[in-house]
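Next comes final14.cif, with mmCIF, N, CA and C atoms.
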```cif
data_target
#
loop_
_atom_site.label_atom_id
_atom_site.label_comp_id
_atom_site.auth_asym_id
_atom_site.auth_seq_id
_atom_site.Cartn_x
_atom_site.Cartn_y
_atom_site.Cartn_z
N MET A 246 92.51 101.12 105.82
CA MET A 246 92.75 99.84 105.18
C MET A 246 93.88 99.14 105.93
N GLN A 247 93.63 97.92 106.34
CA GLN A 247 94.61 97.15 107.08
C GLN A 247 95.54 96.42 106.12
N SER A 248 96.86 96.54 106.35
CA SER A 248 97.82 95.82 105.51
C SER A 248 98.39 94.64 106.29
N ILE A 249 98.57 93.53 105.57
CA ILE A 249 99.05 92.29 106.18
C ILE A 249 100.24 91.80 105.37
N PRO A 250 101.45 91.72 105.97
CA PRO A 250 102.60 91.18 105.24
C PRO A 250 102.38 89.70 104.93
N VAL A 251 102.80 89.27 103.74
CA VAL A 251 102.62 87.89 103.30
C VAL A 251 103.98 87.22 103.17
N ASP A 252 104.13 86.05 103.79
CA ASP A 252 105.37 85.27 103.71
C ASP A 252 105.35 84.46 102.41
N THR A 253 106.01 84.98 101.37
CA THR A 253 105.99 84.31 100.07
C THR A 253 106.67 82.96 100.07
N ALA A 254 107.54 82.70 101.04
CA ALA A 254 108.21 81.39 101.12
C ALA A 254 107.20 80.27 101.36
N ARG A 255 106.05 80.60 101.92
CA ARG A 255 105.02 79.59 102.21
C ARG A 255 104.03 79.41 101.07
N LEU A 256 104.19 80.15 99.99
CA LEU A 256 103.23 80.10 98.89
C LEU A 256 103.58 79.09 97.80
N GLY A 257 104.69 78.39 97.93
CA GLY A 257 105.08 77.43 96.90
C GLY A 257 105.67 78.14 95.70
N VAL A 258 105.57 77.51 94.53
CA VAL A 258 106.11 78.07 93.30
C VAL A 258 105.16 79.16 92.81
N LEU A 259 105.71 80.33 92.55
CA LEU A 259 104.93 81.45 92.01
C LEU A 259 105.25 81.56 90.53
N ARG A 260 104.21 81.57 89.71
CA ARG A 260 104.42 81.59 88.26
C ARG A 260 103.54 82.67 87.64
N CYS A 261 104.09 83.40 86.68
CA CYS A 261 103.34 84.45 86.00
C CYS A 261 102.21 83.83 85.17
N ALA A 262 100.98 84.24 85.43
CA ALA A 262 99.82 83.76 84.67
C ALA A 262 99.48 84.71 83.53
N ILE A 263 99.59 86.01 83.81
CA ILE A 263 99.37 87.04 82.79
C ILE A 263 100.50 88.05 82.90
N ALA A 264 101.16 88.30 81.79
CA ALA A 264 102.30 89.22 81.77
C ALA A 264 101.90 90.60 82.31
N PRO A 265 102.87 91.37 82.79
CA PRO A 265 102.57 92.69 83.37
C PRO A 265 101.74 93.57 82.43
N GLU A 266 100.74 94.23 83.03
CA GLU A 266 99.89 95.16 82.30
C GLU A 266 99.77 96.44 83.11
N ALA A 267 99.74 97.57 82.44
CA ALA A 267 99.53 98.84 83.13
C ALA A 267 98.14 98.82 83.75
N LYS A 268 98.04 99.29 84.99
CA LYS A 268 96.75 99.35 85.69
C LYS A 268 96.05 100.63 85.26
N ILE A 269 94.85 100.50 84.73
CA ILE A 269 94.10 101.64 84.21
C ILE A 269 93.20 102.20 85.31
N SER A 270 93.32 103.51 85.57
CA SER A 270 92.49 104.14 86.60
C SER A 270 91.20 104.70 86.02
N ASN A 271 91.20 105.01 84.72
CA ASN A 271 90.01 105.55 84.08
C ASN A 271 89.84 104.86 82.72
N PRO A 272 88.90 103.91 82.63
CA PRO A 272 88.72 103.17 81.38
C PRO A 272 88.33 104.04 80.18
N GLU A 273 87.66 105.15 80.43
CA GLU A 273 87.25 106.02 79.33
C GLU A 273 88.43 106.73 78.68
N THR A 274 89.38 107.18 79.50
CA THR A 274 90.53 107.92 78.97
C THR A 274 91.78 107.04 78.85
N GLN A 275 91.70 105.80 79.36
CA GLN A 275 92.84 104.89 79.39
C GLN A 275 94.00 105.43 80.22
N GLU A 276 93.68 106.30 81.18
CA GLU A 276 94.70 106.87 82.07
C GLU A 276 95.27 105.79 82.98
N VAL A 277 96.59 105.74 83.08
CA VAL A 277 97.28 104.74 83.90
C VAL A 277 97.32 105.22 85.35
N LYS A 278 97.01 104.32 86.26
CA LYS A 278 97.04 104.64 87.69
C LYS A 278 98.48 104.96 88.09
N ARG A 279 98.63 105.88 89.04
CA ARG A 279 99.95 106.27 89.54
C ARG A 279 100.00 106.09 91.05
N ASP A 280 101.20 105.78 91.58
CA ASP A 280 101.36 105.66 93.03
C ASP A 280 101.57 107.05 93.62
N ARG A 281 101.81 107.11 94.92
CA ARG A 281 102.00 108.40 95.62
C ARG A 281 103.14 109.23 95.06
N ASP A 282 104.16 108.54 94.52
CA ASP A 282 105.33 109.24 93.98
C ASP A 282 105.20 109.56 92.50
N GLY A 283 104.06 109.24 91.89
CA GLY A 283 103.84 109.54 90.48
C GLY A 283 104.28 108.45 89.53
N ASN A 284 104.75 107.31 90.05
CA ASN A 284 105.18 106.20 89.20
C ASN A 284 103.96 105.42 88.69
N PRO A 285 104.00 104.93 87.44
CA PRO A 285 102.88 104.14 86.94
C PRO A 285 102.77 102.82 87.71
N VAL A 286 101.53 102.38 87.93
CA VAL A 286 101.28 101.12 88.63
C VAL A 286 100.96 100.05 87.60
N TRP A 287 101.60 98.89 87.74
CA TRP A 287 101.40 97.74 86.86
C TRP A 287 100.83 96.59 87.68
N THR A 288 100.15 95.67 87.02
CA THR A 288 99.68 94.46 87.69
C THR A 288 100.27 93.24 86.99
N VAL A 289 100.55 92.23 87.81
CA VAL A 289 101.03 90.94 87.31
C VAL A 289 100.14 89.89 87.94
N ALA A 290 99.51 89.05 87.12
CA ALA A 290 98.72 87.94 87.64
C ALA A 290 99.67 86.77 87.90
N VAL A 291 99.63 86.24 89.12
CA VAL A 291 100.57 85.20 89.54
C VAL A 291 99.78 84.00 90.09
N THR A 292 100.18 82.80 89.69
CA THR A 292 99.55 81.60 90.24
C THR A 292 100.24 81.22 91.55
N VAL A 293 99.43 80.76 92.50
CA VAL A 293 99.90 80.35 93.82
C VAL A 293 99.34 78.97 94.08
N ARG A 294 100.19 78.04 94.53
CA ARG A 294 99.72 76.69 94.87
C ARG A 294 100.45 76.23 96.11
N GLN A 295 99.71 76.09 97.20
CA GLN A 295 100.27 75.63 98.47
C GLN A 295 99.94 74.18 98.71
N ASP A 296 100.91 73.43 99.17
CA ASP A 296 100.68 72.06 99.66
C ASP A 296 99.80 71.21 98.76
N ARG A 297 100.07 71.22 97.46
CA ARG A 297 99.35 70.39 96.50
C ARG A 297 97.85 70.67 96.44
N ARG A 298 97.45 71.85 96.91
CA ARG A 298 96.05 72.24 96.82
C ARG A 298 95.79 72.88 95.48
N ARG A 299 94.58 73.27 95.21
CA ARG A 299 94.27 73.84 93.90
C ARG A 299 95.00 75.17 93.71
N ILE A 300 95.16 75.54 92.47
CA ILE A 300 95.88 76.76 92.12
C ILE A 300 94.96 77.96 92.23
N SER A 301 95.47 79.03 92.81
CA SER A 301 94.77 80.31 92.87
C SER A 301 95.57 81.32 92.06
N VAL A 302 94.89 82.29 91.50
CA VAL A 302 95.55 83.37 90.78
C VAL A 302 95.30 84.66 91.55
N ILE A 303 96.38 85.38 91.85
CA ILE A 303 96.25 86.68 92.50
C ILE A 303 96.86 87.74 91.59
N GLU A 304 96.26 88.92 91.59
CA GLU A 304 96.82 90.04 90.84
C GLU A 304 97.61 90.90 91.81
N ILE A 305 98.86 91.14 91.47
CA ILE A 305 99.76 91.90 92.33
C ILE A 305 100.09 93.22 91.66
N ALA A 306 99.87 94.32 92.39
CA ALA A 306 100.21 95.65 91.89
C ALA A 306 101.64 95.99 92.29
N VAL A 307 102.39 96.57 91.36
CA VAL A 307 103.76 97.03 91.63
C VAL A 307 103.95 98.39 90.97
N SER A 308 104.81 99.21 91.57
CA SER A 308 105.14 100.51 90.99
C SER A 308 106.23 100.33 89.96
N GLY A 309 106.02 100.89 88.79
CA GLY A 309 106.99 100.75 87.71
C GLY A 309 106.80 99.46 86.95
N GLN A 310 107.20 99.44 85.70
CA GLN A 310 107.00 98.27 84.85
C GLN A 310 107.98 97.16 85.19
N PRO A 311 107.47 95.97 85.58
CA PRO A 311 108.36 94.82 85.81
C PRO A 311 109.02 94.42 84.49
N LYS A 312 110.30 94.12 84.54
CA LYS A 312 111.05 93.79 83.32
C LYS A 312 111.34 92.29 83.23
N GLY A 313 111.32 91.76 82.02
CA GLY A 313 111.74 90.39 81.76
C GLY A 313 110.79 89.31 82.22
N ILE A 314 109.53 89.64 82.45
CA ILE A 314 108.57 88.65 82.92
C ILE A 314 107.65 88.25 81.77
N GLU A 315 107.52 86.94 81.57
CA GLU A 315 106.65 86.40 80.53
C GLU A 315 105.68 85.41 81.15
N GLU A 316 104.56 85.17 80.48
CA GLU A 316 103.59 84.21 80.96
C GLU A 316 104.23 82.82 81.09
N GLY A 317 103.93 82.14 82.19
CA GLY A 317 104.45 80.81 82.43
C GLY A 317 105.76 80.77 83.19
N GLN A 318 106.40 81.91 83.33
CA GLN A 318 107.71 81.99 83.96
C GLN A 318 107.60 82.00 85.48
N VAL A 319 108.53 81.33 86.14
CA VAL A 319 108.60 81.37 87.60
C VAL A 319 109.10 82.74 88.01
N VAL A 320 108.45 83.34 89.03
CA VAL A 320 108.81 84.69 89.46
C VAL A 320 109.08 84.72 90.96
N LYS A 321 109.80 85.75 91.36
CA LYS A 321 110.04 86.03 92.78
C LYS A 321 109.28 87.31 93.11
N VAL A 322 108.53 87.26 94.22
CA VAL A 322 107.77 88.42 94.66
C VAL A 322 108.39 88.92 95.96
N THR A 323 108.80 90.18 95.97
CA THR A 323 109.46 90.78 97.12
C THR A 323 108.52 91.78 97.79
N GLY A 324 108.43 91.69 99.12
CA GLY A 324 107.64 92.66 99.89
C GLY A 324 106.15 92.58 99.62
N LEU A 325 105.60 91.36 99.53
CA LEU A 325 104.18 91.19 99.25
C LEU A 325 103.34 91.55 100.48
N THR A 326 102.31 92.36 100.23
CA THR A 326 101.40 92.78 101.29
C THR A 326 99.97 92.61 100.79
N ALA A 327 99.09 92.11 101.67
CA ALA A 327 97.67 91.99 101.36
C ALA A 327 96.92 93.13 102.04
N PHE A 328 95.91 93.65 101.37
CA PHE A 328 95.09 94.73 101.90
C PHE A 328 93.63 94.32 101.85
N MET A 329 92.97 94.36 102.99
CA MET A 329 91.54 94.10 103.05
C MET A 329 90.82 95.39 102.67
N TRP A 330 89.77 95.31 101.82
CA TRP A 330 89.05 96.49 101.41
C TRP A 330 87.55 96.21 101.37
N SER A 331 86.77 97.27 101.46
CA SER A 331 85.33 97.16 101.27
C SER A 331 84.80 98.48 100.73
N MET A 332 83.82 98.36 99.83
CA MET A 332 83.15 99.52 99.24
C MET A 332 81.67 99.17 99.15
N GLY A 333 80.89 99.70 100.07
CA GLY A 333 79.47 99.36 100.10
C GLY A 333 79.30 97.88 100.41
N ASP A 334 78.59 97.17 99.53
CA ASP A 334 78.37 95.73 99.71
C ASP A 334 79.52 94.88 99.19
N ARG A 335 80.49 95.50 98.53
CA ARG A 335 81.62 94.75 97.95
C ARG A 335 82.79 94.75 98.91
N HIS A 336 83.53 93.66 98.91
CA HIS A 336 84.73 93.56 99.75
C HIS A 336 85.68 92.54 99.14
N GLY A 337 86.94 92.61 99.55
CA GLY A 337 87.91 91.67 99.01
C GLY A 337 89.30 91.91 99.56
N VAL A 338 90.26 91.30 98.87
CA VAL A 338 91.67 91.42 99.24
C VAL A 338 92.44 91.86 98.01
N SER A 339 93.27 92.88 98.16
CA SER A 339 94.17 93.32 97.09
C SER A 339 95.59 93.02 97.51
N PHE A 340 96.47 92.86 96.53
CA PHE A 340 97.87 92.56 96.81
C PHE A 340 98.77 93.60 96.17
N ARG A 341 99.82 93.96 96.89
CA ARG A 341 100.82 94.91 96.41
C ARG A 341 102.18 94.35 96.78
N ALA A 342 103.19 94.59 95.92
CA ALA A 342 104.55 94.13 96.20
C ALA A 342 105.54 95.22 95.86
N ASP A 343 106.71 95.12 96.49
CA ASP A 343 107.80 96.04 96.15
C ASP A 343 108.34 95.72 94.76
N ALA A 344 108.37 94.42 94.41
CA ALA A 344 108.90 94.00 93.11
C ALA A 344 108.42 92.61 92.75
N VAL A 345 108.27 92.38 91.44
CA VAL A 345 108.05 91.05 90.88
C VAL A 345 109.14 90.89 89.84
N THR A 346 109.99 89.87 90.02
CA THR A 346 111.14 89.69 89.13
C THR A 346 111.20 88.25 88.64
N PRO A 347 111.77 88.02 87.45
CA PRO A 347 111.89 86.65 86.95
C PRO A 347 112.93 85.88 87.76
N VAL A 348 112.69 84.59 87.94
CA VAL A 348 113.68 83.72 88.57
C VAL A 348 114.65 83.29 87.48
N THR A 349 115.93 83.52 87.69
CA THR A 349 116.95 83.22 86.70
C THR A 349 116.92 81.73 86.35
N GLY A 350 116.93 81.48 85.04
CA GLY A 350 116.98 80.09 84.57
C GLY A 350 115.61 79.45 84.45
N SER A 351 114.52 80.12 84.83
CA SER A 351 113.21 79.50 84.68
C SER A 351 112.75 79.68 83.25
N THR A 352 112.01 78.69 82.76
CA THR A 352 111.48 78.75 81.39
C THR A 352 110.04 78.29 81.38
N HIS A 353 109.39 78.50 80.26
CA HIS A 353 108.00 78.05 80.11
C HIS A 353 107.90 76.55 80.20
N ALA A 354 108.90 75.84 79.71
CA ALA A 354 108.81 74.38 79.62
C ALA A 354 109.07 73.66 80.93
N LYS A 355 109.64 74.36 81.89
CA LYS A 355 109.95 73.70 83.16
C LYS A 355 108.69 73.24 83.85
N GLY A 356 108.78 72.12 84.51
CA GLY A 356 107.67 71.64 85.32
C GLY A 356 107.67 72.38 86.63
N GLY A 357 106.78 72.00 87.52
CA GLY A 357 106.75 72.65 88.82
C GLY A 357 105.43 72.41 89.49
N ASP A 358 105.27 72.97 90.63
CA ASP A 358 104.07 72.75 91.41
C ASP A 358 102.93 73.65 91.00
N ALA A 359 103.21 74.70 90.25
CA ALA A 359 102.12 75.64 89.95
C ALA A 359 101.71 75.60 88.52
#
```

Represent the structure of the file as structure tokens.
Amino acid sequence: MQSIPVDTARLGVLRCAIAPEAKISNPETQEVKRDRDGNPVWTVAVTVRQDRRRISVIEIAVSGQPKGIEEGQVVKVTGLTAFMWSMGDRHGVSFRADAVTPVTGSTHAKGGDA
């Protein structure tokens, strides 16, 4: 799997679309996915809007539960990497980050580009 570092400074305002959720590896048992070190993996859906273009939502996986993030809040994403994947006829891009943290002073009511 090829990993591609992503320059988050070029992505415009990043805003939480869906609050952090534990990533489930087995829907039948509700088992939470774990990283190589045994830490639980969480996902945060984040809106991205570049250069006044339409908004895209990406799901970002992070190790450990992100704290203090609510829907609508502006967030900072550190160490974002994209991974190209394929399984049979299916293919896509997954995203992983070192951290997703709230931007201090951001609120739901604030305007912005995203």

Report task. Looking only at strand (DSSP E or B) from DSSP on the backbone, list the matching residues of chain A as a count of residues only. Result -> 57

Query raised in the report: For A:Val251, which of A:Ala267, A:Thr326, A:Ala342, A:Lys321 is the closest residue, counting all atoms listed in the file?
Result: A:Thr326

**Report entry** Reference answer for the PyMOL selection byres ((chain A and resi 296) around 8), as a list in words
**Finding:**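 After applying the PyMOL selection byres ((chain A and resi 296) around 8), what remains is Arg255, Leu256, Gly257, Val258, Val293, Arg294, Gln295, Arg297, Arg298 and Arg299 of chain A.
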
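Interatomic distance, atom CA of A:Val320 against atom C of A:Ser339: 17.6 Å.
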
Report summary line: If you count only C-alpha atoms, the residue of A:Val291, A:Ile249, A:Ile305, A:Ile300 closest to A:Lys268 turns out to be A:Ile305

Query - Pick from A:Ser270, A:Thr346, A:Thr253, A:Ser248 nearest to A:Gln318, counting only N, CA and C atoms - result: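 Among the listed residues, the smallest separation from A:Gln318 belongs to A:Thr346.
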
**Report entry** Nearby residues (all atoms listed in the file) at most 7 Å from A:Trp330, same-chain spacing under 2 positions excluded, as a ChimeraX atom specification
**Finding:** /A:246-247,328,332,335-339

Query raised in the report: Between A:Pro285, A:Pro311, A:Asp343, A:Ala306, which is the closest to A:Gly324 once you count only N, CA and C atoms?
Result: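 That would be A:Asp343, the residue with the smallest distance to A:Gly324.
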
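The residue that comes closest to A:Gly283, out of A:Ala264, A:Asn271, A:Ser308, A:Leu325 and on the basis of only C-alpha atoms, is A:Ser308.
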
Requested in this report: Pick out the closest residue to A:Ala327 from this set: A:Ile269, A:Val289, A:Ile303, A:Cys261. Count only C-alpha atoms.
Outcome: A:Ile303

Query raised in the report: In Å to one decimal, how far is atom CA of A:Arg260 from atom N of A:Val319?
Result: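 Rounded to one decimal, the two atoms are 4.6 Å apart.
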
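Between atom CA of A:Val345 and atom CA of A:Asp280 lies a distance of 16.2 Å.
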
Query raised in the report: Can you tell me, as a ChimeraX atom specification, what residues are no more than 9 Å from A:Ile263 when counting only C-alpha atoms, ignoring any on the same chain fewer than 4 positions away?
Result: /A:288-291,304,315-317
